[in-house]
Amino acid sequence: MSTNTSTSTSTAASTRKKSGKQDKPENSPLPGQAISARPMAGDAIYERILGSIMEHRLTPGTKLVEEKLASIFGVNRTRVREVLARLSHEGLITTIPNRGAFVASPTPEEARNIFAARRLLEPALLRHLCEHTRPEHVAQLREHVAQEARARENNDRRAIIRLSGEFHIRIADMVENPVMSKMMRELASLTCLIIVLYDSPTVPACTHDEHGDIINAIAAGRAEDAVAAMIEHLNHIEEVLDMSAPPSEEEDLEEMLGMI
């Protein structure tokens, strides 16, 4: 009888192993239905916060409380602190001693510096892309602009701003230079903060027609036309911003991160 019990237990364990199922640890603090859930990795938390910034769910001046973020993402405060340090290094959050971390609120001068940096970086990206463009590049960019158009039809302002920023990131990614992609990603994210801070409520800061002009020049391999269209596009965004607008008020973290 003891042998049969041992065999049965061994068989059950083997079956669980083959099926990928594991015994629930006796001291697990998690409920049964959540036993297979794992804490979010730092990169996933970073992407969630970054996405919330680009979609204007996390607005400039919002306080990022470590304890609350740890609870939202199901991780310890050390992991949250690492993510906040990364975002701080990229200029997307500001840490104030004895007060905490806040989503950055670029000043008008900082905003102008960011646009100046983009006017240096993006022409170089376009010249390289025009020399090495492939049909799939053009197709991907046209599909992206079609997504922008659908977001405008639905009056989805958050999606409009996110997609507008991602258009420029896509161009950088097509150049296949990780350093430039990282720079463009940071500049695009900072631009999203600038737009939510200073966008004129009656004038859209980014239009898909201008993106279409850039794509047409890329498709034709006309590098200088693409550069001219990009410079005009960036100038237009900067010109319609109202640099006198005050920062937005702080809102609820859980709601803005889409966790409820």
# chains A, B, ... in the order shown; residues from 1 in each chain; ligands from 1
$ residues_around --residues "Gly61 of chain A" --least-positions-apart "6" --cutoff "6 Å" --atoms "only C-alpha atoms" --output "list of chain:residue names"
A:Phe102, A:Val103, A:Ser105
$ select_by_dssp --residues "segment 63-115 of chain A" --states "strand (DSSP E)" --output "ChimeraX atom specification"
/A:63-64,93-96,100-103
$ residues_around --residues "segment 147-149 of chain A" --least-positions-apart "4" --cutoff "10 Å" --atoms "only C-alpha atoms" --output "PyMOL selection string"
chain A and resi 141-143+153-156+159-164+167+207-209+211
$ residues_around --residues "Ile215 of chain A" --least-positions-apart "5" --cutoff "12 Å" --atoms "only C-alpha atoms" --output "number ranges by chain"
A: 126, 129-130, 133, 135, 137-145, 167-168, 170-171, 208-210, 220-223, 225-227, 229-230
$ atom_distance --atom1 "atom CA of Ala146 of chain A" --atom2 "atom CA of Gly51 of chain A"
20.2 Å
$ select_by_dssp --residues "segment 58-135 of chain A" --states "helix (DSSP H, G or I)" --output "PyMOL selection string"
chain A and resi 66-73+77-89+108-132+135
$ closest_atom_pairs --of "segment 187-246 of chain A" --to "segment 83-98 of chain A" --cutoff "9 Å" --atoms "only C-alpha atoms" --output "CSV"
residue,atom,partner,partner_atom,distance
A:Leu187,CA,A:Glu90,CA,8.9
A:Ser189,CA,A:Leu92,CA,7.5
A:Leu190,CA,A:Leu92,CA,6.4
A:Leu193,CA,A:Leu92,CA,8.2
$ atom_distance --atom1 "atom CA of Met54 of chain A" --atom2 "atom CA of Arg158 of chain A"
7.8 Å
$ atom_distance --atom1 "atom CA of Ala188 of chain A" --atom2 "atom CA of Glu224 of chain A"
22.1 Å
$ closest_residue --among "A:Arg134, A:Arg185, A:His128, A:Arg81" --to "Glu66 of chain A" --atoms "only C-alpha atoms"
A:Arg81
